[in-house]
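Visitor: So here's model-v5.pdb, just PDB, C-alpha atoms:
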```
ATOM      1  CA  MET G  31       2.575  -1.539  14.579  1.00  0.00           C
ATOM      2  CA  LYS G  32       0.248   0.215  12.181  1.00  0.00           C
ATOM      3  CA  ILE G  33       1.630   2.804   9.804  1.00  0.00           C
ATOM      4  CA  HIS G  34       0.029   4.668   6.950  1.00  0.00           C
ATOM      5  CA  GLU G  35       1.069   4.171   3.339  1.00  0.00           C
ATOM      6  CA  TYR G  36       2.839   7.540   3.216  1.00  0.00           C
ATOM      7  CA  GLN G  37       4.880   6.561   6.299  1.00  0.00           C
ATOM      8  CA  GLY G  38       5.825   3.199   4.802  1.00  0.00           C
ATOM      9  CA  LYS G  39       6.965   4.901   1.621  1.00  0.00           C
ATOM     10  CA  GLU G  40       9.129   7.310   3.643  1.00  0.00           C
ATOM     11  CA  LEU G  41      10.798   4.297   5.301  1.00  0.00           C
ATOM     12  CA  PHE G  42      11.329   2.676   1.904  1.00  0.00           C
ATOM     13  CA  LYS G  43      12.867   5.904   0.602  1.00  0.00           C
ATOM     14  CA  LEU G  44      15.256   6.041   3.573  1.00  0.00           C
ATOM     15  CA  ALA G  45      16.325   2.480   2.734  1.00  0.00           C
ATOM     16  CA  GLY G  46      17.060   3.418  -0.888  1.00  0.00           C
ATOM     17  CA  VAL G  47      13.908   1.953  -2.449  1.00  0.00           C
ATOM     18  CA  THR G  48      12.447   4.000  -5.306  1.00  0.00           C
ATOM     19  CA  VAL G  49       8.914   5.190  -4.568  1.00  0.00           C
ATOM     20  CA  PRO G  50       6.573   7.497  -6.484  1.00  0.00           C
ATOM     21  CA  LYS G  51       6.820  11.193  -5.646  1.00  0.00           C
ATOM     22  CA  GLY G  52       4.084  12.105  -3.190  1.00  0.00           C
ATOM     23  CA  PHE G  53       3.068  14.339  -0.326  1.00  0.00           C
ATOM     24  CA  SER G  54       0.765  13.799   2.641  1.00  0.00           C
ATOM     25  CA  ALA G  55      -1.855  16.412   3.419  1.00  0.00           C
ATOM     26  CA  LEU G  56      -3.840  17.168   6.579  1.00  0.00           C
ATOM     27  CA  SER G  57      -6.326  19.502   4.877  1.00  0.00           C
ATOM     28  CA  LYS G  58      -7.926  20.065   1.490  1.00  0.00           C
ATOM     29  CA  ASP G  59      -5.748  23.166   0.998  1.00  0.00           C
ATOM     30  CA  ASP G  60      -2.599  21.146   1.772  1.00  0.00           C
ATOM     31  CA  ALA G  61      -3.764  18.477  -0.683  1.00  0.00           C
ATOM     32  CA  ILE G  62      -4.226  21.051  -3.453  1.00  0.00           C
ATOM     33  CA  LYS G  63      -0.727  22.429  -2.734  1.00  0.00           C
ATOM     34  CA  ALA G  64       0.635  18.860  -2.793  1.00  0.00           C
ATOM     35  CA  TYR G  65      -0.956  18.233  -6.187  1.00  0.00           C
ATOM     36  CA  LYS G  66       0.629  21.403  -7.567  1.00  0.00           C
ATOM     37  CA  LYS G  67       4.052  20.386  -6.155  1.00  0.00           C
ATOM     38  CA  LEU G  68       3.890  17.144  -8.154  1.00  0.00           C
ATOM     39  CA  ASN G  69       4.132  19.211 -11.335  1.00  0.00           C
ATOM     40  CA  SER G  70       2.163  16.537 -13.200  1.00  0.00           C
ATOM     41  CA  GLU G  71      -1.377  16.470 -14.547  1.00  0.00           C
ATOM     42  CA  LYS G  72      -1.993  12.815 -13.643  1.00  0.00           C
ATOM     43  CA  ALA G  73      -1.998  11.930  -9.949  1.00  0.00           C
ATOM     44  CA  VAL G  74      -3.510   9.552  -7.432  1.00  0.00           C
ATOM     45  CA  VAL G  75      -5.508  10.791  -4.441  1.00  0.00           C
ATOM     46  CA  LYS G  76      -5.352   8.248  -1.597  1.00  0.00           C
ATOM     47  CA  ALA G  77      -7.130   8.203   1.754  1.00  0.00           C
ATOM     48  CA  GLN G  78      -4.758   7.439   4.627  1.00  0.00           C
ATOM     49  CA  ILE G  79      -6.563   5.250   7.153  1.00  0.00           C
ATOM     50  CA  HIS G  80      -5.468   2.095   8.948  1.00  0.00           C
ATOM     51  CA  ALA G  81      -7.510  -0.345   6.867  1.00  0.00           C
ATOM     52  CA  GLY G  82      -7.234  -2.312   3.678  1.00  0.00           C
ATOM     53  CA  GLY G  83      -9.725  -2.068   0.847  1.00  0.00           C
ATOM     54  CA  ARG G  84      -9.420   1.712   0.524  1.00  0.00           C
ATOM     55  CA  GLY G  85      -9.699   1.613  -3.252  1.00  0.00           C
ATOM     56  CA  LYS G  86     -12.822  -0.531  -3.262  1.00  0.00           C
ATOM     57  CA  GLY G  87     -14.372   1.770  -0.669  1.00  0.00           C
ATOM     58  CA  GLY G  88     -13.807   4.844  -2.849  1.00  0.00           C
ATOM     59  CA  GLY G  89     -10.734   6.113  -1.028  1.00  0.00           C
ATOM     60  CA  VAL G  90      -8.237   5.827  -3.904  1.00  0.00           C
ATOM     61  CA  LYS G  91      -8.893   7.703  -7.138  1.00  0.00           C
ATOM     62  CA  ILE G  92      -6.846   8.491 -10.244  1.00  0.00           C
ATOM     63  CA  ALA G  93      -7.005  12.093 -11.425  1.00  0.00           C
ATOM     64  CA  ASN G  94      -6.120  12.784 -15.064  1.00  0.00           C
ATOM     65  CA  ASN G  95      -6.008  16.559 -14.617  1.00  0.00           C
ATOM     66  CA  ALA G  96      -6.284  19.360 -12.042  1.00  0.00           C
ATOM     67  CA  SER G  97     -10.079  19.521 -12.032  1.00  0.00           C
ATOM     68  CA  GLU G  98     -10.341  15.769 -11.382  1.00  0.00           C
ATOM     69  CA  ALA G  99      -7.720  16.053  -8.630  1.00  0.00           C
ATOM     70  CA  LEU G 100      -9.728  18.830  -6.949  1.00  0.00           C
ATOM     71  CA  TYR G 101     -12.912  16.787  -7.276  1.00  0.00           C
ATOM     72  CA  HIS G 102     -11.336  13.687  -5.671  1.00  0.00           C
ATOM     73  CA  ILE G 103      -9.654  15.717  -2.919  1.00  0.00           C
ATOM     74  CA  ASP G 104     -12.989  17.333  -2.097  1.00  0.00           C
ATOM     75  CA  ASN G 105     -14.819  13.986  -2.014  1.00  0.00           C
ATOM     76  CA  ILE G 106     -12.267  11.846  -0.189  1.00  0.00           C
ATOM     77  CA  PHE G 107     -11.004  14.244   2.500  1.00  0.00           C
ATOM     78  CA  GLY G 108     -13.423  14.110   5.425  1.00  0.00           C
ATOM     79  CA  MET G 109     -15.394  11.154   4.097  1.00  0.00           C
ATOM     80  CA  ASN G 110     -16.335   8.246   6.333  1.00  0.00           C
ATOM     81  CA  LEU G 111     -14.542   5.452   4.457  1.00  0.00           C
ATOM     82  CA  ILE G 112     -16.125   2.039   4.878  1.00  0.00           C
ATOM     83  CA  THR G 113     -14.100  -1.023   3.878  1.00  0.00           C
ATOM     84  CA  HIS G 114     -14.195  -4.715   4.702  1.00  0.00           C
ATOM     85  CA  GLN G 115     -11.664  -3.994   7.475  1.00  0.00           C
ATOM     86  CA  THR G 116     -13.390  -0.981   9.077  1.00  0.00           C
ATOM     87  CA  GLY G 117     -16.795  -2.590   9.457  1.00  0.00           C
ATOM     88  CA  SER G 118     -19.986  -0.625   9.011  1.00  0.00           C
ATOM     89  CA  GLN G 119     -18.799   2.223  11.278  1.00  0.00           C
ATOM     90  CA  GLY G 120     -16.029   3.171   8.808  1.00  0.00           C
ATOM     91  CA  LYS G 121     -13.124   5.531   9.493  1.00  0.00           C
ATOM     92  CA  LEU G 122     -12.967   9.278   9.041  1.00  0.00           C
ATOM     93  CA  VAL G 123     -10.385  10.325   6.417  1.00  0.00           C
ATOM     94  CA  GLN G 124      -8.247  13.042   8.022  1.00  0.00           C
ATOM     95  CA  ARG G 125      -5.147  12.701   5.839  1.00  0.00           C
ATOM     96  CA  LEU G 126      -4.534  12.210   2.132  1.00  0.00           C
ATOM     97  CA  LEU G 127      -1.553  11.072   0.123  1.00  0.00           C
ATOM     98  CA  ILE G 128      -1.280  12.911  -3.183  1.00  0.00           C
ATOM     99  CA  GLU G 129       1.049  10.917  -5.389  1.00  0.00           C
ATOM    100  CA  GLU G 130       2.287  10.913  -8.958  1.00  0.00           C
ATOM    101  CA  ALA G 131       0.564   8.279 -11.081  1.00  0.00           C
ATOM    102  CA  SER G 132       2.621   5.295 -12.217  1.00  0.00           C
ATOM    103  CA  ASN G 133       2.351   3.088 -15.262  1.00  0.00           C
ATOM    104  CA  ILE G 134       1.900  -0.314 -13.671  1.00  0.00           C
ATOM    105  CA  SER G 135       2.890  -3.297 -15.777  1.00  0.00           C
ATOM    106  CA  ARG G 136       2.700  -5.893 -13.009  1.00  0.00           C
ATOM    107  CA  GLU G 137       1.438  -5.990  -9.425  1.00  0.00           C
ATOM    108  CA  LEU G 138       3.098  -8.011  -6.708  1.00  0.00           C
ATOM    109  CA  TYR G 139       2.251  -8.444  -3.037  1.00  0.00           C
ATOM    110  CA  ALA G 140       4.750  -8.516  -0.189  1.00  0.00           C
ATOM    111  CA  GLY G 141       3.914  -8.231   3.473  1.00  0.00           C
ATOM    112  CA  ILE G 142       5.392  -9.037   6.854  1.00  0.00           C
ATOM    113  CA  VAL G 143       3.063  -9.704   9.783  1.00  0.00           C
ATOM    114  CA  LEU G 144       3.321 -11.285  13.192  1.00  0.00           C
ATOM    115  CA  ASP G 145       2.070 -14.871  13.254  1.00  0.00           C
ATOM    116  CA  ARG G 146       0.817 -15.007  16.839  1.00  0.00           C
ATOM    117  CA  SER G 147       0.321 -18.788  16.674  1.00  0.00           C
ATOM    118  CA  CYS G 148       4.100 -19.340  16.599  1.00  0.00           C
ATOM    119  CA  SER G 149       5.393 -15.942  17.824  1.00  0.00           C
ATOM    120  CA  GLN G 150       7.314 -15.378  14.599  1.00  0.00           C
ATOM    121  CA  PHE G 151       7.130 -12.922  11.760  1.00  0.00           C
ATOM    122  CA  VAL G 152       5.892 -14.331   8.488  1.00  0.00           C
ATOM    123  CA  PHE G 153       7.017 -12.794   5.192  1.00  0.00           C
ATOM    124  CA  MET G 154       4.352 -13.407   2.534  1.00  0.00           C
ATOM    125  CA  VAL G 155       4.553 -12.788  -1.216  1.00  0.00           C
ATOM    126  CA  SER G 156       2.224 -13.363  -4.143  1.00  0.00           C
ATOM    127  CA  SER G 157       2.548 -12.782  -7.860  1.00  0.00           C
ATOM    128  CA  GLU G 158      -1.212 -12.139  -7.887  1.00  0.00           C
ATOM    129  CA  GLY G 159      -0.893  -8.616  -6.429  1.00  0.00           C
ATOM    130  CA  GLY G 160      -2.351  -7.363  -3.176  1.00  0.00           C
ATOM    131  CA  VAL G 161      -5.697  -5.745  -3.991  1.00  0.00           C
ATOM    132  CA  GLU G 162      -7.553  -9.026  -3.448  1.00  0.00           C
ATOM    133  CA  ILE G 163      -5.048 -10.716  -1.134  1.00  0.00           C
ATOM    134  CA  GLU G 164      -7.728 -11.871   1.342  1.00  0.00           C
ATOM    135  CA  LYS G 165      -9.702 -13.443  -1.518  1.00  0.00           C
ATOM    136  CA  ILE G 166      -6.546 -15.100  -2.862  1.00  0.00           C
ATOM    137  CA  ALA G 167      -5.769 -16.447   0.612  1.00  0.00           C
ATOM    138  CA  GLU G 168      -9.249 -17.953   0.826  1.00  0.00           C
ATOM    139  CA  GLU G 169      -9.626 -19.309  -2.709  1.00  0.00           C
ATOM    140  CA  SER G 170      -6.026 -20.080  -3.763  1.00  0.00           C
ATOM    141  CA  PRO G 171      -3.797 -20.169  -0.667  1.00  0.00           C
ATOM    142  CA  GLU G 172      -1.040 -21.923  -2.635  1.00  0.00           C
ATOM    143  CA  LYS G 173      -0.494 -18.631  -4.500  1.00  0.00           C
ATOM    144  CA  ILE G 174       0.780 -17.014  -1.307  1.00  0.00           C
ATOM    145  CA  ILE G 175       4.309 -18.110  -0.472  1.00  0.00           C
ATOM    146  CA  LYS G 176       5.355 -17.758   3.170  1.00  0.00           C
ATOM    147  CA  GLU G 177       8.636 -17.756   5.056  1.00  0.00           C
ATOM    148  CA  TRP G 178       8.802 -17.505   8.847  1.00  0.00           C
ATOM    149  CA  ILE G 179      11.480 -15.443  10.549  1.00  0.00           C
ATOM    150  CA  LYS G 180      12.605 -16.559  13.993  1.00  0.00           C
ATOM    151  CA  PRO G 181      12.515 -14.001  16.834  1.00  0.00           C
ATOM    152  CA  ASN G 182      15.684 -11.880  16.873  1.00  0.00           C
ATOM    153  CA  GLY G 183      16.645 -13.487  13.574  1.00  0.00           C
ATOM    154  CA  ASP G 184      17.048 -12.259  10.041  1.00  0.00           C
ATOM    155  CA  LEU G 185      15.554 -13.375   6.778  1.00  0.00           C
ATOM    156  CA  SER G 186      18.148 -15.774   5.365  1.00  0.00           C
ATOM    157  CA  ASN G 187      19.545 -15.550   1.836  1.00  0.00           C
ATOM    158  CA  PHE G 188      17.878 -18.887   1.094  1.00  0.00           C
ATOM    159  CA  GLN G 189      14.491 -17.568   2.198  1.00  0.00           C
ATOM    160  CA  ALA G 190      14.909 -14.355   0.201  1.00  0.00           C
ATOM    161  CA  ARG G 191      15.798 -16.360  -2.927  1.00  0.00           C
ATOM    162  CA  LYS G 192      12.751 -18.605  -2.417  1.00  0.00           C
ATOM    163  CA  LEU G 193      10.462 -15.556  -2.186  1.00  0.00           C
ATOM    164  CA  ALA G 194      12.121 -13.887  -5.199  1.00  0.00           C
ATOM    165  CA  PHE G 195      11.729 -17.027  -7.322  1.00  0.00           C
ATOM    166  CA  ALA G 196       8.065 -17.292  -6.279  1.00  0.00           C
ATOM    167  CA  LEU G 197       7.556 -13.762  -7.688  1.00  0.00           C
ATOM    168  CA  ASN G 198       9.431 -14.654 -10.913  1.00  0.00           C
ATOM    169  CA  LEU G 199      12.011 -11.968 -10.197  1.00  0.00           C
ATOM    170  CA  SER G 200      15.313 -12.061 -12.042  1.00  0.00           C
ATOM    171  CA  GLY G 201      18.568 -10.157 -12.419  1.00  0.00           C
ATOM    172  CA  ASN G 202      18.797  -7.010 -10.288  1.00  0.00           C
ATOM    173  CA  GLN G 203      15.187  -7.365  -9.218  1.00  0.00           C
TER     174      GLN G 203
END
```
Rewrite the structure from the file as structure tokens, please.
Guide:
Amino acid sequence: MKIHEYQGKELFKLAGVTVPKGFSALSKDDAIKAYKKLNSEKAVVKAQIHAGGRGKGGGVKIANNASEALYHIDNIFGMNLITHQTGSQGKLVQRLLIEEASNISRELYAGIVLDRSCSQFVFMVSSEGGVEIEKIAEESPEKIIKEWIKPNGDLSNFQARKLAFALNLSGNQ
């Protein structure tokens, strides 16, 4: 199943996970209204396409003020975003996520995908962050910790602890 970032964040919110305030927009006008609803000068304008590498392709931009937000909205909405996952044909950006900017002290990666070779889900984490996860997988695969989840099964407490320790999490984290 492919979902956009804004949809994933809505699911996280429903599960009680704190996420940055943000609004999806299907037009430039909606995006401008979304920026104003944030009630913050600094924001992030993010293309919503089903592909990784959006930032490297120019589809994620930080705006420090309203004029920068308008500039990024104007340039990203409707662009043909080309990333390593879209190929040379790219994908048309028809939706934006306008989100409050966050002060990031540390980036972590967590992802769950279907491992077709064994018909199980694999939960992967890395303390190296996710922007270059494909590069990390190629050059330093030992930095990606994996736990497989059996069909119709749950992630066990032991597996969750192993993943948390791999990320150097502690206490309530």
Visitor: Which residues match the PyMOL selection byres ((chain G and resi 105-119) around 12) in the file above, as number ranges by chain?
Guide: G: 54-62, 74-92, 98-104, 120-128, 162, 164-165
Visitor: Would you mind reading off the distance between atom CA of Glu137 of chain G and atom CA of Lys51 of chain G, one decimal, in Å?
Guide: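 Calculated distance between atom CA of Glu137 of chain G and atom CA of Lys51 of chain G is 18.4 Å.
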Visitor: Suppose you want the space between atom CA of Lys180 of chain G and atom CA of Phe151 of chain G; what is it in Å?
Guide: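 Distance reported for this atom pair: 6.9 Å.
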Visitor: With only C-alpha atoms as the counted atoms, please give the residues lying no more than 12 Å from Val49 of chain G, apart from itself and same-chain residues fewer than 2 positions off, as a ChimeraX atom specification.
Guide: /G:35-47,51-53,129-132
Visitor: I'd like the residues picked by the PyMOL selection byres ((chain G and resi 152) around 10) written out as a VMD selection string, using the chain letters and numbers from the file.
Guide: chain G and resid 141 to 146 148 to 151 153 to 155 175 to 180 185
Visitor: Just how far from atom CA of Ala196 of chain G is atom CA of Ile33 of chain G, in Å to one decimal?
Guide: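 According to the coordinates, atom CA of Ile33 of chain G and atom CA of Ala196 of chain G are separated by 26.5 Å.
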Visitor: Taking all atoms of segment 193-202 of chain G that the file lists and extending 4 Å past them on each side, where is the centre of the axis-aligned box and how long are its edges? Answer in Å to one decimal, as AutoDock Vina command-line options.
Guide:
```
--center_x 13.2 --center_y -12.2 --center_z -7.3 --size_x 19.2 --size_y 18.3 --size_z 18.2
```
